[in-house]
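run.txt (compact mmCIF, C-alpha atoms) appears below.
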# COMPACT_ATOMS: atom_id res chain seq x y z
CA MET A 1 22.92 88.82 98.10
CA THR A 2 19.68 89.04 96.10
CA ALA A 3 18.86 87.13 92.91
CA ALA A 4 19.30 90.40 91.00
CA ASP A 5 22.79 90.85 92.49
CA MET A 6 23.79 87.34 91.49
CA LEU A 7 22.48 87.82 87.95
CA GLY A 8 24.36 91.14 87.73
CA TYR A 9 27.66 89.58 88.81
CA ALA A 10 27.20 86.63 86.43
CA ALA A 11 26.36 89.00 83.55
CA GLY A 12 29.42 91.13 84.35
CA ALA A 13 31.73 88.12 84.48
CA LEU A 14 30.48 86.92 81.09
CA THR A 15 30.80 90.42 79.60
CA ALA A 16 34.49 90.50 80.49
CA PHE A 17 35.16 87.58 78.15
CA THR A 18 32.98 88.61 75.20
CA PHE A 19 36.01 89.41 73.02
CA LEU A 20 37.96 86.25 73.91
CA PRO A 21 36.56 84.03 71.09
CA GLN A 22 37.48 86.72 68.53
CA VAL A 23 41.01 87.08 69.93
CA LEU A 24 41.52 83.28 69.81
CA LYS A 25 40.05 82.95 66.31
CA THR A 26 42.15 85.77 64.84
CA TRP A 27 45.27 84.56 66.67
CA LYS A 28 44.79 81.04 65.25
CA GLU A 29 43.71 81.92 61.70
CA LYS A 30 46.00 84.95 61.24
CA SER A 31 43.32 86.71 59.22
CA ALA A 32 41.32 89.75 60.32
CA LYS A 33 40.17 91.23 57.03
CA ASP A 34 36.45 91.03 57.94
CA VAL A 35 36.89 92.31 61.51
CA SER A 36 36.00 95.96 62.11
CA LEU A 37 38.94 97.98 63.47
CA TYR A 38 36.55 100.76 64.52
CA MET A 39 34.55 98.36 66.72
CA PHE A 40 37.64 97.63 68.79
CA ILE A 41 38.84 101.25 68.82
CA ILE A 42 35.42 102.30 70.16
CA ALA A 43 35.59 99.45 72.69
CA PHE A 44 39.13 100.45 73.74
CA VAL A 45 38.25 104.12 74.32
CA ASN A 46 34.98 103.06 75.97
CA GLU A 47 36.79 100.68 78.36
CA ILE A 48 39.07 103.54 79.48
CA MET A 49 35.94 105.63 80.21
CA TRP A 50 34.43 102.74 82.21
CA LEU A 51 37.72 102.21 84.09
CA VAL A 52 37.88 105.88 85.11
CA TYR A 53 34.19 105.71 86.09
CA GLY A 54 34.84 102.55 88.12
CA VAL A 55 37.71 104.25 89.96
CA MET A 56 35.61 107.40 90.56
CA ILE A 57 32.76 105.44 92.16
CA ASN A 58 35.16 102.86 93.65
CA ASN A 59 33.38 99.87 92.07
CA TRP A 60 35.69 96.87 91.65
CA VAL A 61 33.28 94.89 89.46
CA ILE A 62 33.37 97.70 86.88
CA ILE A 63 37.14 98.13 87.24
CA LEU A 64 37.98 94.43 86.82
CA THR A 65 35.48 93.75 84.01
CA ASN A 66 36.72 96.67 81.96
CA ALA A 67 40.40 96.03 82.69
CA VAL A 68 39.98 92.57 81.08
CA MET A 69 38.09 94.06 78.12
CA LEU A 70 40.67 96.84 77.69
CA VAL A 71 43.45 94.25 77.36
CA MET A 72 41.40 92.16 74.89
CA SER A 73 40.47 95.21 72.79
CA GLY A 74 44.14 96.24 72.73
CA ILE A 75 45.18 92.76 71.57
CA MET A 76 42.47 92.80 68.86
CA ILE A 77 43.61 96.21 67.56
CA TRP A 78 47.16 94.84 67.34
CA LEU A 79 45.97 91.59 65.65
CA LYS A 80 43.82 93.56 63.21
CA MET A 81 46.77 95.76 62.17
CA ARG A 82 49.00 92.71 61.87
CA TYR A 83 46.59 90.41 59.99
CA ASN A 84 44.51 92.88 58.00
CA HIS A 85 45.53 91.27 54.72
CA GLN A 86 43.63 88.25 53.43
CA MET B 1 24.39 115.12 88.44
CA THR B 2 28.01 114.52 89.38
CA ALA B 3 30.99 114.25 87.00
CA ALA B 4 31.02 110.49 87.67
CA ASP B 5 27.33 110.24 86.69
CA MET B 6 27.97 112.11 83.45
CA LEU B 7 30.94 109.91 82.60
CA GLY B 8 28.87 106.80 83.36
CA TYR B 9 26.03 107.90 81.07
CA ALA B 10 28.47 108.84 78.28
CA ALA B 11 30.26 105.48 78.63
CA GLY B 12 26.93 103.63 78.55
CA ALA B 13 25.75 105.48 75.45
CA LEU B 14 29.00 104.65 73.64
CA THR B 15 28.83 101.00 74.74
CA ALA B 16 25.42 100.63 73.09
CA PHE B 17 26.97 101.33 69.69
CA THR B 18 30.16 99.26 69.99
CA PHE B 19 28.91 96.65 67.50
CA LEU B 20 27.57 99.15 64.94
CA PRO B 21 30.84 99.48 62.90
CA GLN B 22 31.02 95.67 62.59
CA VAL B 23 27.37 95.43 61.49
CA LEU B 24 27.91 98.15 58.85
CA LYS B 25 31.19 96.65 57.60
CA THR B 26 29.77 93.13 57.26
CA TRP B 27 26.56 94.43 55.69
CA LYS B 28 28.56 96.38 53.10
CA GLU B 29 31.28 93.85 52.32
CA LYS B 30 29.09 90.72 52.54
CA SER B 31 31.97 88.77 54.09
CA ALA B 32 32.17 87.54 57.68
CA LYS B 33 34.67 84.70 57.47
CA ASP B 34 37.07 86.26 60.02
CA VAL B 35 34.33 87.31 62.46
CA SER B 36 33.82 85.09 65.51
CA LEU B 37 30.29 83.67 65.71
CA TYR B 38 30.88 82.72 69.37
CA MET B 39 31.68 86.32 70.30
CA PHE B 40 28.23 87.42 69.16
CA ILE B 41 26.46 84.38 70.64
CA ILE B 42 28.09 85.16 74.02
CA ALA B 43 27.13 88.83 73.57
CA PHE B 44 23.52 87.89 72.66
CA VAL B 45 23.04 85.63 75.70
CA ASN B 46 24.83 88.18 77.89
CA GLU B 47 22.56 91.03 76.67
CA ILE B 48 19.50 88.97 77.65
CA MET B 49 21.00 88.54 81.15
CA TRP B 50 21.65 92.29 81.38
CA LEU B 51 18.13 93.06 80.14
CA VAL B 52 16.56 90.83 82.80
CA TYR B 53 18.88 92.39 85.42
CA GLY B 54 17.92 95.90 84.23
CA VAL B 55 14.21 95.03 84.55
CA MET B 56 14.74 93.46 88.01
CA ILE B 57 16.47 96.57 89.39
CA ASN B 58 14.34 98.89 87.23
CA ASN B 59 17.32 100.65 85.63
CA TRP B 60 16.46 102.17 82.24
CA VAL B 61 20.07 102.93 81.28
CA ILE B 62 20.90 99.20 81.51
CA ILE B 63 17.65 98.23 79.75
CA LEU B 64 18.10 100.63 76.82
CA THR B 65 21.85 100.03 76.35
CA ASN B 66 21.41 96.27 76.27
CA ALA B 67 18.30 96.37 74.10
CA VAL B 68 20.36 98.15 71.42
CA MET B 69 23.23 95.66 71.81
CA LEU B 70 20.83 92.68 71.72
CA VAL B 71 19.47 93.83 68.36
CA MET B 72 22.99 94.42 66.98
CA SER B 73 24.24 91.03 68.21
CA GLY B 74 21.21 89.37 66.63
CA ILE B 75 21.88 91.11 63.32
CA MET B 76 25.57 90.07 63.47
CA ILE B 77 24.65 86.41 64.13
CA TRP B 78 22.35 86.52 61.10
CA LEU B 79 25.02 88.27 58.93
CA LYS B 80 27.68 85.78 60.06
CA MET B 81 25.48 82.80 59.06
CA ARG B 82 24.63 84.46 55.76
CA TYR B 83 28.13 85.64 54.78
CA ASN B 84 30.36 83.02 56.41
CA HIS B 85 31.84 82.11 53.04
CA GLN B 86 34.65 84.19 51.57

Rewritten as structure tokens:
Amino acid sequence: MTAADMLGYAAGALTAFTFLPQVLKTWKEKSAKDVSLYMFIIAFVNEIMWLVYGVMINNWVIILTNAVMLVMSGIMIWLKMRYNHQ
Amino acid sequence: MTAADMLGYAAGALTAFTFLPQVLKTWKEKSAKDVSLYMFIIAFVNEIMWLVYGVMINNWVIILTNAVMLVMSGIMIWLKMRYNHQ
């Protein structure tokens, strides 16, 4: 495995958990007024595209990364709808 | 270009603009209390990793996508610090 490969895997692993701090914050504070619903709708649709792409080219790094992000985006859409008030 | 290639490019182009709705919303409403600072710090560091990876493997799709996201993450970190109050 080259240095580039290792950096790519590390970057991909970190990407998967980008939305986690937002999910935890919104879950804890029960307020999502300032959070953009459209950001997470775009992310959700985009993750489905990446998942299909990952399956088409049979790349498990893409599949796993985007499966995690799809779940997190879905949770954020639900939290946003639930806690959109102040 | 295969169908998988086209889907990959479309997914990448959409990914680049994931953060745009949040940037526009925060810019307009001048309130970022509910937005997670850590999400955008993770994204910022992660985009730098992806940029370096893109340069190492000489992949312009990765370079361009993550350059756009790096700028947007940077703007969001600045907006969050500026509008963290109500």

Per residue of segment 12-84 of chain B within 8 Å of segment 6-30 of chain A, which atom pair is closest and at what distance in Å (one decimal), using all atoms listed in the file, listed by chain and increasing number, as CSV?
residue,atom,partner,partner_atom,distance
B:Asp34,CA,A:Thr26,CA,7.0
B:Val35,CA,A:Gln22,CA,6.9
B:Ser36,CA,A:Gln22,CA,5.0
B:Tyr38,CA,A:Pro21,CA,6.1
B:Met39,CA,A:Pro21,CA,5.4
B:Phe40,CA,A:Thr18,CA,7.8
B:Ile42,CA,A:Thr18,CA,6.1
B:Ala43,CA,A:Thr18,CA,6.1
B:Asn46,CA,A:Ala11,CA,5.9
B:Met49,CA,A:Ala11,CA,5.9
B:Trp50,CA,A:Ala11,CA,6.1
B:Tyr53,CA,A:Gly8,CA,6.1

Please produce chain A as a PDB file with C-alpha atoms, keeping the file's coordinate frame once it has been superposed on chain B, the fit using all Cα atoms paired in sequence order.
ATOM      1  CA  MET A   1      24.408 115.126  88.440  1.00  0.00           C
ATOM      2  CA  THR A   2      28.047 114.500  89.395  1.00  0.00           C
ATOM      3  CA  ALA A   3      30.998 114.241  87.002  1.00  0.00           C
ATOM      4  CA  ALA A   4      31.034 110.487  87.667  1.00  0.00           C
ATOM      5  CA  ASP A   5      27.348 110.236  86.691  1.00  0.00           C
ATOM      6  CA  MET A   6      27.963 112.101  83.456  1.00  0.00           C
ATOM      7  CA  LEU A   7      30.954 109.911  82.594  1.00  0.00           C
ATOM      8  CA  GLY A   8      28.867 106.802  83.358  1.00  0.00           C
ATOM      9  CA  TYR A   9      26.029 107.890  81.067  1.00  0.00           C
ATOM     10  CA  ALA A  10      28.461 108.832  78.278  1.00  0.00           C
ATOM     11  CA  ALA A  11      30.266 105.481  78.631  1.00  0.00           C
ATOM     12  CA  GLY A  12      26.936 103.626  78.541  1.00  0.00           C
ATOM     13  CA  ALA A  13      25.756 105.484  75.447  1.00  0.00           C
ATOM     14  CA  LEU A  14      28.996 104.659  73.625  1.00  0.00           C
ATOM     15  CA  THR A  15      28.825 101.008  74.726  1.00  0.00           C
ATOM     16  CA  ALA A  16      25.422 100.635  73.085  1.00  0.00           C
ATOM     17  CA  PHE A  17      26.947 101.319  69.671  1.00  0.00           C
ATOM     18  CA  THR A  18      30.139  99.260  69.971  1.00  0.00           C
ATOM     19  CA  PHE A  19      28.890  96.647  67.485  1.00  0.00           C
ATOM     20  CA  LEU A  20      27.577  99.158  64.926  1.00  0.00           C
ATOM     21  CA  PRO A  21      30.830  99.491  62.890  1.00  0.00           C
ATOM     22  CA  GLN A  22      31.009  95.683  62.572  1.00  0.00           C
ATOM     23  CA  VAL A  23      27.366  95.438  61.469  1.00  0.00           C
ATOM     24  CA  LEU A  24      27.910  98.164  58.826  1.00  0.00           C
ATOM     25  CA  LYS A  25      31.186  96.656  57.595  1.00  0.00           C
ATOM     26  CA  THR A  26      29.778  93.131  57.252  1.00  0.00           C
ATOM     27  CA  TRP A  27      26.559  94.442  55.683  1.00  0.00           C
ATOM     28  CA  LYS A  28      28.571  96.401  53.085  1.00  0.00           C
ATOM     29  CA  GLU A  29      31.298  93.846  52.323  1.00  0.00           C
ATOM     30  CA  LYS A  30      29.100  90.721  52.541  1.00  0.00           C
ATOM     31  CA  SER A  31      31.965  88.774  54.078  1.00  0.00           C
ATOM     32  CA  ALA A  32      32.173  87.559  57.674  1.00  0.00           C
ATOM     33  CA  LYS A  33      34.663  84.716  57.454  1.00  0.00           C
ATOM     34  CA  ASP A  34      37.058  86.266  60.017  1.00  0.00           C
ATOM     35  CA  VAL A  35      34.322  87.323  62.462  1.00  0.00           C
ATOM     36  CA  SER A  36      33.824  85.086  65.499  1.00  0.00           C
ATOM     37  CA  LEU A  37      30.282  83.679  65.717  1.00  0.00           C
ATOM     38  CA  TYR A  38      30.882  82.722  69.360  1.00  0.00           C
ATOM     39  CA  MET A  39      31.686  86.340  70.292  1.00  0.00           C
ATOM     40  CA  PHE A  40      28.238  87.433  69.158  1.00  0.00           C
ATOM     41  CA  ILE A  41      26.463  84.399  70.638  1.00  0.00           C
ATOM     42  CA  ILE A  42      28.085  85.180  74.007  1.00  0.00           C
ATOM     43  CA  ALA A  43      27.115  88.843  73.571  1.00  0.00           C
ATOM     44  CA  PHE A  44      23.524  87.895  72.656  1.00  0.00           C
ATOM     45  CA  VAL A  45      23.026  85.629  75.689  1.00  0.00           C
ATOM     46  CA  ASN A  46      24.832  88.179  77.873  1.00  0.00           C
ATOM     47  CA  GLU A  47      22.565  91.023  76.678  1.00  0.00           C
ATOM     48  CA  ILE A  48      19.484  88.978  77.657  1.00  0.00           C
ATOM     49  CA  MET A  49      21.004  88.529  81.148  1.00  0.00           C
ATOM     50  CA  TRP A  50      21.657  92.290  81.390  1.00  0.00           C
ATOM     51  CA  LEU A  51      18.121  93.070  80.155  1.00  0.00           C
ATOM     52  CA  VAL A  52      16.557  90.830  82.814  1.00  0.00           C
ATOM     53  CA  TYR A  53      18.880  92.392  85.416  1.00  0.00           C
ATOM     54  CA  GLY A  54      17.903  95.884  84.240  1.00  0.00           C
ATOM     55  CA  VAL A  55      14.206  95.025  84.568  1.00  0.00           C
ATOM     56  CA  MET A  56      14.761  93.449  88.018  1.00  0.00           C
ATOM     57  CA  ILE A  57      16.477  96.564  89.388  1.00  0.00           C
ATOM     58  CA  ASN A  58      14.329  98.887  87.237  1.00  0.00           C
ATOM     59  CA  ASN A  59      17.322 100.641  85.636  1.00  0.00           C
ATOM     60  CA  TRP A  60      16.465 102.162  82.250  1.00  0.00           C
ATOM     61  CA  VAL A  61      20.075 102.920  81.294  1.00  0.00           C
ATOM     62  CA  ILE A  62      20.882  99.198  81.526  1.00  0.00           C
ATOM     63  CA  ILE A  63      17.649  98.221  79.760  1.00  0.00           C
ATOM     64  CA  LEU A  64      18.091 100.615  76.820  1.00  0.00           C
ATOM     65  CA  THR A  65      21.839 100.025  76.359  1.00  0.00           C
ATOM     66  CA  ASN A  66      21.417  96.272  76.268  1.00  0.00           C
ATOM     67  CA  ALA A  67      18.280  96.359  74.114  1.00  0.00           C
ATOM     68  CA  VAL A  68      20.345  98.144  71.414  1.00  0.00           C
ATOM     69  CA  MET A  69      23.212  95.660  71.814  1.00  0.00           C
ATOM     70  CA  LEU A  70      20.830  92.679  71.729  1.00  0.00           C
ATOM     71  CA  VAL A  71      19.461  93.832  68.361  1.00  0.00           C
ATOM     72  CA  MET A  72      22.982  94.424  66.975  1.00  0.00           C
ATOM     73  CA  SER A  73      24.242  91.039  68.211  1.00  0.00           C
ATOM     74  CA  GLY A  74      21.197  89.372  66.636  1.00  0.00           C
ATOM     75  CA  ILE A  75      21.869  91.109  63.309  1.00  0.00           C
ATOM     76  CA  MET A  76      25.556  90.074  63.458  1.00  0.00           C
ATOM     77  CA  ILE A  77      24.658  86.418  64.126  1.00  0.00           C
ATOM     78  CA  TRP A  78      22.349  86.525  61.095  1.00  0.00           C
ATOM     79  CA  LEU A  79      25.009  88.278  58.931  1.00  0.00           C
ATOM     80  CA  LYS A  80      27.662  85.796  60.054  1.00  0.00           C
ATOM     81  CA  MET A  81      25.485  82.810  59.072  1.00  0.00           C
ATOM     82  CA  ARG A  82      24.630  84.459  55.769  1.00  0.00           C
ATOM     83  CA  TYR A  83      28.131  85.649  54.789  1.00  0.00           C
ATOM     84  CA  ASN A  84      30.350  83.038  56.414  1.00  0.00           C
ATOM     85  CA  HIS A  85      31.859  82.073  53.070  1.00  0.00           C
ATOM     86  CA  GLN A  86      34.782  84.052  51.678  1.00  0.00           C
TER      87      GLN A  86
END

Quick check, in Å to one decimal: how far apart do atom CA of Arg82 of chain B and atom CA of Ile41 of chain B lie? 15.0 Å

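Atom pair atom CA of Phe44 of chain A / atom CA of Leu51 of chain B: separated by 23.2 Å.
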
Could you tell me how far atom CA of Asn66 of chain A lies from atom CA of Val45 of chain A, in Å and to one decimal?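 Spanning atom CA of Asn66 of chain A to atom CA of Val45 of chain A is a straight-line distance of 10.8 Å.
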
Nearest to Tyr83 of chain A, restricted to only C-alpha atoms and choosing among A:Leu37, A:Val68, A:Val52, A:Ile57, comes out as A:Leu37

Edge lengths and centre in Å, axis-aligned, segment 9-22 of chain B plus 4 Å each side, as JSON:
{"center_x": 28.2, "center_y": 102.3, "center_z": 71.8, "size_x": 13.6, "size_y": 21.2, "size_z": 26.5}

Ranking B:Ala32, B:Ala4, B:Ile48, B:Leu79 by minimum distance to Ala67 of chain B and counting all atoms listed in the file, which one comes first? B:Ile48
